[in-house]
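Contents: one structure, followed by commentary.
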Amino acid sequence: MAAIGVICLAAASPASADEARFDFNIPPTDLSTALVKIAVTAKVSIGMEAVGHCAPQRHAISGRMTMKDALDRLLAGTGCSYRSLDPEAIEIVRSAPRPQRRPQTPEIAQSEREATSVLIVAGRHGAMADRLAYGLSVLDRSELGQQGVQDTAGLALLTPAMTVTNLGVGRDKVLLRGLSDGPLTGQTESIVGLYLDDVRLTYNAPNPDLRLSDIDHVEVLRGPQGTLYGAGSLGGIVQAVTAPPDPARIAASVTAMGATASRGAGSQSIDAMINAPFLGGRGAARLVVYREIQGGYINDVGLGLSNINQTQRSGGRLAVRLDLDPRWRLTAGVISQGVNDSDTQYALANLPPFTRSNQLREPHDNDFSAANLGLTGNLGWGEWRSSIAVVRHGLTSRYDASTAPPVPTPSTPAAFDDQRHIDTIVADTTLASAAGDGAKWLVGVFSAYTRQSTQSTLTALGGAPVIAFNETRHDQFDELAAYGEVTVPLNTAISLTVGGRLSSFRTRVWAQDSALGQPQVSFVGNRQQQNFTPKAVLAYALSDRILVYAQAAEGYRAGGFNTTSPASQVFSGPGGAEPSRRYDGDELWSLETGAKLSDDDGRWRLRVAAFRTFWKDIQSDQLLPSGLPFTANIGAGVNSGVEAEGRYRLGDLDLDGQVLFNAPELTKANPSLPPFADFSLAAVPDFAIGVSGHYAWRLPRDRSITLDGRLNYIGQSQLILDQVRAANMGDYTAARIAASFAGAHLRWTLAVDNPTDERANTFGYGNPFTVRTTRQVTPLRPRTLSLELSASF
């Protein structure tokens, strides 16, 4: 590859890699493969931009020696050497003066370590963050820890153009770049793809909100990623990359946290990890377990209860790695997490802060599990990567429908319960070109088979329970795709990338609705759809520190069917007024131009992009007059904007910032939904800005004191849900300050979240049956003081 990096956990000793000695056992192989093995063994990052200029050699490296000795032996006679970028990162360079830039994908050589030395896997080829010609943010494990990020809600505060609805843990939607199909999660495929180690987590379910425990880094790709990731990526993808099993050492860590809030109940969490090699270092296993309790802070005067919205989240991961030989590796993993929300977290604007009045509690469960198997290998002329995963997702929600039930009930209170069970088998295989000059290419095949069963029930609970409404629905979603892309150097500095994805979708639906005093309504639907999504990128490296690019890409989602309704609700046929029995697929074109800049010594970097998107036949989950959900094609929309993120480093001080300006709007409303003509796209702000800082005092005996802080402003947005209501929300600040004291193996962190006790409305939605009659608000968690202890061994 033009550039490759291998990131491993840092050794417990502060000694640099070239001073320590390691047991190397590298048989004669190509230079790139041998360098990767040195990087893995010595736990360093190696930039290999110049490897293509090195003379081919096949040295064997065997024995106990320093990394410097191993590199000297390996590079002998190749015409190349290396230089240190920092104690944990080196770069291969030519011994002779470097010639004019070789024809290849334009890339930027960065000397700073963190985000630019992380090997980005979301681009499928593997490259450094600042060497990829599209909108990308990368947060490594140190930055996640410094800013107290534990899930996607925290991630959004450090990522430009990322929005997370605030319905509650395990209930939220993730939105990117001002592209929103509404605040609800219904039958439409998610607009942002969520991945963990290349495993797709959801199809049309809410974010499972996996706790970001022992994560190596998180990658956020903005803009449609339809070529490489398919239909569920109109807005982009978010991929969490876990810390991999380390075959070089036994390691363990544990982190415990306790917190108290200015109002409400306390919180606590514990995370633990253990890493163990086996088979003499040919394999390793890594186990992570965690449990947390987030204290509630909403009071329900109707029920006479306080702090009702407590959340429990617990789970674990087991990852196993086995090196079959120097070229092939087998990986396997299992993950399980359960989220139990005792109640929703909205309040009512006409009552005192943090207060509402219901007749029933509204609990929610989100249970997620997955098992995956992967195989990667070096064929000499290409890189093979395949994976298969089985994903199970169970969701259970209850809403208080007492005052506005979707059908008349014989008594109150009335509860609406929604249960969804989703099983998916996902398989993906890619073959990519080997490292070297000339064109780079990738081809792949993908398949996903999803089976979903949904049970929606309205029950009158007064006296003997009576089922007033019930729907049983079964869905089958099948997707097959072949995709590929190729990058061709046009000259020494300019390259052109073109790609496409050919997909076939099959949807089958069976549903049956029944209600008191009304006949049963059954529906069966089948659809077969095909689509081709292209992409083109033109990149120009003005220098080693400046990359500019222009990109055009398409995204697509397949259509489906509406079924949930009382018998009195009429769905029209194709082309009729909304609500329609079927909704069509939507398409999105994105045009983007951007630049990535940095200085020679890594003191600063800047990434900026301007974009314009054109969205046709927008799918959006809406509410029927009964309060039950349906999906509509609400019309066509556009979004124009500018986003930027940057870092400035001055000694031990790091300053980061990100900003987004955009203007999402509906330009052509569906004629059968006329009120939408005056609305923008829902739930995303026109403006957001954030700054964060990190400062470290180095003390004797490997000790340090650090200060961290962040401040975000989230602009105003609207909740557009039922064609007539457009409640304002947003327009608030979110902040955090923290101080840490760290030694060789222990770290204490004292932090304050929401130090000003901001009470703004973050999300104007909570209950679909009363949203028309009450103004619902979701306040920020009150000011919270936390103390955390981390120990590593």
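How things are named: the first chain in the structure tokens is A, the next is B, and so on; residues count from 1 in each chain; ligands count from 1 in the order shown.
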Close residues, region 633-644 of chain A itself excluded, 6 Å, only C-alpha atoms, min 5 positions apart in chain, as a short mmCIF file (atom, residue, chain, number, x, y, z; two decimals) with all heavy atoms, in the first residue's frame:
data_model
loop_
_atom_site.label_atom_id
_atom_site.label_comp_id
_atom_site.auth_asym_id
_atom_site.auth_seq_id
_atom_site.Cartn_x
_atom_site.Cartn_y
_atom_site.Cartn_z
N ARG A 607 -9.09 20.30 8.36
CA ARG A 607 -9.88 19.62 7.35
C ARG A 607 -11.15 20.43 7.13
O ARG A 607 -11.86 20.75 8.09
CB ARG A 607 -10.25 18.20 7.79
CG ARG A 607 -9.05 17.34 8.16
CD ARG A 607 -9.50 16.06 8.84
NE ARG A 607 -8.37 15.32 9.37
CZ ARG A 607 -8.46 14.33 10.25
NH1 ARG A 607 -9.66 13.98 10.69
NH2 ARG A 607 -7.39 13.71 10.68
N VAL A 608 -11.45 20.74 5.89
CA VAL A 608 -12.62 21.55 5.58
C VAL A 608 -13.30 20.97 4.35
O VAL A 608 -12.63 20.45 3.45
CB VAL A 608 -12.24 23.03 5.36
CG1 VAL A 608 -11.27 23.19 4.19
CG2 VAL A 608 -13.48 23.89 5.15
N ALA A 609 -14.62 21.00 4.33
CA ALA A 609 -15.38 20.47 3.20
C ALA A 609 -16.64 21.30 2.99
O ALA A 609 -17.27 21.76 3.95
CB ALA A 609 -15.75 19.00 3.42
N ALA A 610 -16.98 21.51 1.74
CA ALA A 610 -18.25 22.13 1.35
C ALA A 610 -19.06 21.08 0.60
O ALA A 610 -18.51 20.32 -0.20
CB ALA A 610 -18.02 23.36 0.48
N PHE A 611 -20.35 21.03 0.84
CA PHE A 611 -21.16 19.96 0.26
C PHE A 611 -22.53 20.48 -0.14
O PHE A 611 -23.03 21.48 0.39
CB PHE A 611 -21.31 18.79 1.24
CG PHE A 611 -21.89 19.18 2.57
CD1 PHE A 611 -23.26 19.23 2.79
CD2 PHE A 611 -21.04 19.52 3.63
CE1 PHE A 611 -23.79 19.60 4.02
CE2 PHE A 611 -21.55 19.91 4.87
CZ PHE A 611 -22.93 19.94 5.06
N ARG A 612 -23.12 19.79 -1.09
CA ARG A 612 -24.51 20.03 -1.48
C ARG A 612 -25.13 18.70 -1.84
O ARG A 612 -24.55 17.94 -2.64
CB ARG A 612 -24.60 21.01 -2.65
CG ARG A 612 -26.06 21.38 -3.02
CD ARG A 612 -26.10 22.55 -3.98
NE ARG A 612 -27.45 22.88 -4.41
CZ ARG A 612 -28.30 23.64 -3.73
NH1 ARG A 612 -27.95 24.14 -2.56
NH2 ARG A 612 -29.51 23.92 -4.20
N THR A 613 -26.27 18.40 -1.25
CA THR A 613 -26.94 17.13 -1.49
C THR A 613 -28.32 17.37 -2.09
O THR A 613 -28.99 18.36 -1.77
CB THR A 613 -27.09 16.33 -0.18
OG1 THR A 613 -27.80 17.13 0.79
CG2 THR A 613 -25.73 15.96 0.38
N PHE A 614 -28.71 16.45 -2.94
CA PHE A 614 -30.02 16.49 -3.60
C PHE A 614 -30.73 15.18 -3.28
O PHE A 614 -30.27 14.11 -3.67
CB PHE A 614 -29.86 16.66 -5.12
CG PHE A 614 -29.07 17.87 -5.51
CD1 PHE A 614 -27.68 17.82 -5.59
CD2 PHE A 614 -29.71 19.06 -5.80
CE1 PHE A 614 -26.94 18.94 -5.96
CE2 PHE A 614 -28.98 20.19 -6.16
CZ PHE A 614 -27.60 20.12 -6.24
N TRP A 615 -31.87 15.29 -2.60
CA TRP A 615 -32.56 14.12 -2.06
C TRP A 615 -33.94 14.02 -2.70
O TRP A 615 -34.74 14.95 -2.61
CB TRP A 615 -32.67 14.28 -0.55
CG TRP A 615 -32.93 13.02 0.22
CD1 TRP A 615 -33.18 11.78 -0.27
CD2 TRP A 615 -32.94 12.91 1.64
NE1 TRP A 615 -33.34 10.89 0.76
CE2 TRP A 615 -33.20 11.56 1.93
CE3 TRP A 615 -32.76 13.82 2.68
CZ2 TRP A 615 -33.30 11.10 3.25
CZ3 TRP A 615 -32.84 13.36 3.98
CH2 TRP A 615 -33.11 12.01 4.26
N LYS A 616 -34.20 12.89 -3.32
CA LYS A 616 -35.45 12.69 -4.05
C LYS A 616 -36.30 11.64 -3.35
O LYS A 616 -35.80 10.62 -2.88
CB LYS A 616 -35.12 12.24 -5.49
CG LYS A 616 -36.32 11.92 -6.35
CD LYS A 616 -35.87 11.42 -7.71
CE LYS A 616 -37.06 11.01 -8.57
NZ LYS A 616 -36.62 10.45 -9.86
N ASP A 617 -37.63 11.89 -3.30
CA ASP A 617 -38.60 10.94 -2.72
C ASP A 617 -38.21 10.58 -1.29
O ASP A 617 -38.15 9.39 -0.92
CB ASP A 617 -38.72 9.67 -3.57
CG ASP A 617 -39.28 9.95 -4.94
OD1 ASP A 617 -40.13 10.84 -5.07
OD2 ASP A 617 -38.85 9.28 -5.91
N ILE A 618 -37.97 11.55 -0.44
CA ILE A 618 -37.48 11.33 0.91
C ILE A 618 -38.44 10.43 1.69
O ILE A 618 -39.63 10.75 1.84
CB ILE A 618 -37.31 12.65 1.66
CG1 ILE A 618 -36.33 13.56 0.91
CG2 ILE A 618 -36.85 12.42 3.08
CD1 ILE A 618 -36.25 14.96 1.47
N GLN A 619 -37.93 9.31 2.18
CA GLN A 619 -38.70 8.46 3.07
C GLN A 619 -38.66 9.06 4.48
O GLN A 619 -37.61 9.43 4.98
CB GLN A 619 -38.11 7.05 3.13
CG GLN A 619 -38.20 6.27 1.85
CD GLN A 619 -37.55 4.89 2.00
OE1 GLN A 619 -37.26 4.44 3.10
NE2 GLN A 619 -37.31 4.23 0.88
N GLN A 658 -14.48 22.06 15.95
CA GLN A 658 -15.26 21.64 14.79
C GLN A 658 -16.47 22.56 14.65
O GLN A 658 -16.97 23.09 15.64
CB GLN A 658 -15.72 20.18 14.90
CG GLN A 658 -16.58 19.83 16.07
CD GLN A 658 -15.79 19.50 17.31
OE1 GLN A 658 -14.63 19.13 17.24
NE2 GLN A 658 -16.43 19.61 18.47
N VAL A 659 -16.90 22.74 13.42
CA VAL A 659 -18.01 23.65 13.16
C VAL A 659 -18.80 23.14 11.96
O VAL A 659 -18.24 22.51 11.05
CB VAL A 659 -17.50 25.09 12.90
CG1 VAL A 659 -16.64 25.15 11.65
CG2 VAL A 659 -18.66 26.08 12.80
N LEU A 660 -20.09 23.38 11.97
CA LEU A 660 -20.99 23.01 10.87
C LEU A 660 -21.95 24.14 10.59
O LEU A 660 -22.59 24.68 11.50
CB LEU A 660 -21.78 21.74 11.23
CG LEU A 660 -22.98 21.43 10.32
CD1 LEU A 660 -22.51 20.96 8.95
CD2 LEU A 660 -23.89 20.39 10.95
N PHE A 661 -22.03 24.54 9.33
CA PHE A 661 -23.08 25.41 8.82
C PHE A 661 -23.80 24.62 7.73
O PHE A 661 -23.15 24.14 6.79
CB PHE A 661 -22.52 26.70 8.21
CG PHE A 661 -21.80 27.58 9.18
CD1 PHE A 661 -20.43 27.44 9.38
CD2 PHE A 661 -22.48 28.57 9.89
CE1 PHE A 661 -19.74 28.26 10.26
CE2 PHE A 661 -21.80 29.39 10.78
CZ PHE A 661 -20.43 29.23 10.97
N ASN A 662 -25.10 24.49 7.81
CA ASN A 662 -25.85 23.86 6.73
C ASN A 662 -27.27 24.37 6.72
O ASN A 662 -27.73 25.01 7.67
CB ASN A 662 -25.79 22.34 6.81
CG ASN A 662 -26.57 21.73 7.95
OD1 ASN A 662 -26.87 20.55 7.92
ND2 ASN A 662 -26.92 22.47 8.98
N ALA A 663 -27.96 24.13 5.61
CA ALA A 663 -29.31 24.65 5.43
C ALA A 663 -30.19 23.58 4.80
O ALA A 663 -30.51 23.64 3.61
CB ALA A 663 -29.28 25.90 4.55
N PRO A 664 -30.58 22.56 5.58
CA PRO A 664 -31.46 21.52 5.03
C PRO A 664 -32.88 22.06 4.82
O PRO A 664 -33.43 22.75 5.68
CB PRO A 664 -31.43 20.44 6.11
CG PRO A 664 -31.11 21.17 7.37
CD PRO A 664 -30.24 22.32 6.99
N GLU A 665 -33.45 21.78 3.68
CA GLU A 665 -34.80 22.26 3.40
C GLU A 665 -35.52 21.32 2.45
O GLU A 665 -34.90 20.60 1.65
CB GLU A 665 -34.75 23.67 2.81
CG GLU A 665 -33.98 23.76 1.50
CD GLU A 665 -34.00 25.16 0.93
OE1 GLU A 665 -35.07 25.81 1.03
OE2 GLU A 665 -32.99 25.60 0.38
N LEU A 666 -36.82 21.34 2.57
CA LEU A 666 -37.69 20.59 1.67
C LEU A 666 -38.07 21.51 0.52
O LEU A 666 -38.75 22.52 0.71
CB LEU A 666 -38.94 20.12 2.43
CG LEU A 666 -39.74 18.98 1.80
CD1 LEU A 666 -38.93 17.70 1.80
CD2 LEU A 666 -41.05 18.79 2.57
N THR A 667 -37.61 21.19 -0.68
CA THR A 667 -37.81 22.09 -1.82
C THR A 667 -39.08 21.78 -2.60
O THR A 667 -39.62 22.65 -3.28
CB THR A 667 -36.61 22.00 -2.77
OG1 THR A 667 -36.43 20.64 -3.18
CG2 THR A 667 -35.36 22.50 -2.08
N LYS A 668 -39.55 20.56 -2.52
CA LYS A 668 -40.74 20.18 -3.26
C LYS A 668 -41.51 19.16 -2.43
O LYS A 668 -41.13 18.01 -2.35
CB LYS A 668 -40.39 19.59 -4.62
CG LYS A 668 -41.60 19.25 -5.49
CD LYS A 668 -41.18 18.70 -6.83
CE LYS A 668 -42.40 18.36 -7.68
NZ LYS A 668 -42.01 17.80 -9.00
N ALA A 669 -42.58 19.61 -1.78
CA ALA A 669 -43.33 18.74 -0.90
C ALA A 669 -44.27 17.84 -1.69
O ALA A 669 -44.76 18.19 -2.77
CB ALA A 669 -44.14 19.57 0.09
N ASN A 670 -44.49 16.65 -1.16
CA ASN A 670 -45.50 15.75 -1.70
C ASN A 670 -46.85 16.49 -1.70
O ASN A 670 -47.27 17.01 -0.67
CB ASN A 670 -45.57 14.49 -0.83
CG ASN A 670 -46.52 13.44 -1.37
OD1 ASN A 670 -47.51 13.75 -2.02
ND2 ASN A 670 -46.23 12.19 -1.06
#
Checklist entry - What lies within 10 Å of region 361-368 of chain A using only C-alpha atoms, ignoring chain neighbours under 4 positions off, as a PyMOL selection string? => result chain A and resi 168-171+201-202+205-210+300+303+305+308-315+335-345+391-400+415-422+766-767
Item to check | Shell around region 316-324 of chain A at 7 Å using only C-alpha atoms, local window under 3 positions removed, as a ChimeraX atom specification | outcome: /A:245,282-290,328-337
Next on the checklist: What's the separation between CA of Pro352 (chain A) and CA of Ser267 (chain A), in Å to one decimal place?
Outcome noted: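 We find that CA of Pro352 (chain A) and CA of Ser267 (chain A) lie 23.4 Å from each other.
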Item to check | All helix (DSSP H, G or I) positions in region 129-354 of chain A, as a PyMOL selection string | outcome: chain A and resi 129-131+141-146+152-156+226-229+279-281
Okay, now the selection with C-alpha atoms, as a PDB file, in the first residue's frame?
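Output saved as again.pdb:
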ATOM      1  CA  ALA A 129      -7.069   9.403   8.104  1.00  0.00           C
ATOM      2  CA  ASP A 130      -5.515  12.452   6.475  1.00  0.00           C
ATOM      3  CA  ARG A 131      -4.735  10.535   3.298  1.00  0.00           C
ATOM      4  CA  ARG A 141      -8.994   5.776  22.492  1.00  0.00           C
ATOM      5  CA  SER A 142      -7.029   8.491  24.314  1.00  0.00           C
ATOM      6  CA  GLU A 143      -9.307  11.254  23.031  1.00  0.00           C
ATOM      7  CA  LEU A 144     -12.428   9.214  23.855  1.00  0.00           C
ATOM      8  CA  GLY A 145     -11.156   8.709  27.384  1.00  0.00           C
ATOM      9  CA  GLN A 146     -10.062  12.302  27.909  1.00  0.00           C
ATOM     10  CA  THR A 152     -22.661   7.750  20.320  1.00  0.00           C
ATOM     11  CA  ALA A 153     -24.344  10.614  22.201  1.00  0.00           C
ATOM     12  CA  GLY A 154     -20.951  11.682  23.541  1.00  0.00           C
ATOM     13  CA  LEU A 155     -19.330  11.002  20.177  1.00  0.00           C
ATOM     14  CA  ALA A 156     -21.627  13.553  18.513  1.00  0.00           C
ATOM     15  CA  GLY A 226     -23.422   3.505  -1.030  1.00  0.00           C
ATOM     16  CA  THR A 227     -20.577   2.069  -3.131  1.00  0.00           C
ATOM     17  CA  LEU A 228     -18.817   0.268  -0.294  1.00  0.00           C
ATOM     18  CA  TYR A 229     -21.573  -0.002   2.310  1.00  0.00           C
ATOM     19  CA  LEU A 279      -0.172 -21.063  21.280  1.00  0.00           C
ATOM     20  CA  GLY A 280       3.174 -19.432  21.893  1.00  0.00           C
ATOM     21  CA  GLY A 281       2.073 -16.045  20.622  1.00  0.00           C
TER      22      GLY A 281
END
Next on the checklist: Applying 12 Å and only C-alpha atoms, which residues near Gly730 (chain A) remain after dropping the ones on its own chain fewer than 2 positions away? List them as a VMD selection string.
Outcome noted: chain A and resid 163 to 166 682 to 688 712 to 719 727 to 728 732 to 734 758 to 764 777 to 780
Checklist entry - Between CA of Ala39 (chain A) and CA of Asp246 (chain A), what is the distance, to one decimal in Å? => result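 Atom-to-atom, CA of Ala39 (chain A) and CA of Asp246 (chain A) are spaced 12.2 Å apart.
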Checklist entry - Distance CA of Gly693 (chain A)-CA of Val254 (chain A), one decimal place? => result 25.5 Å
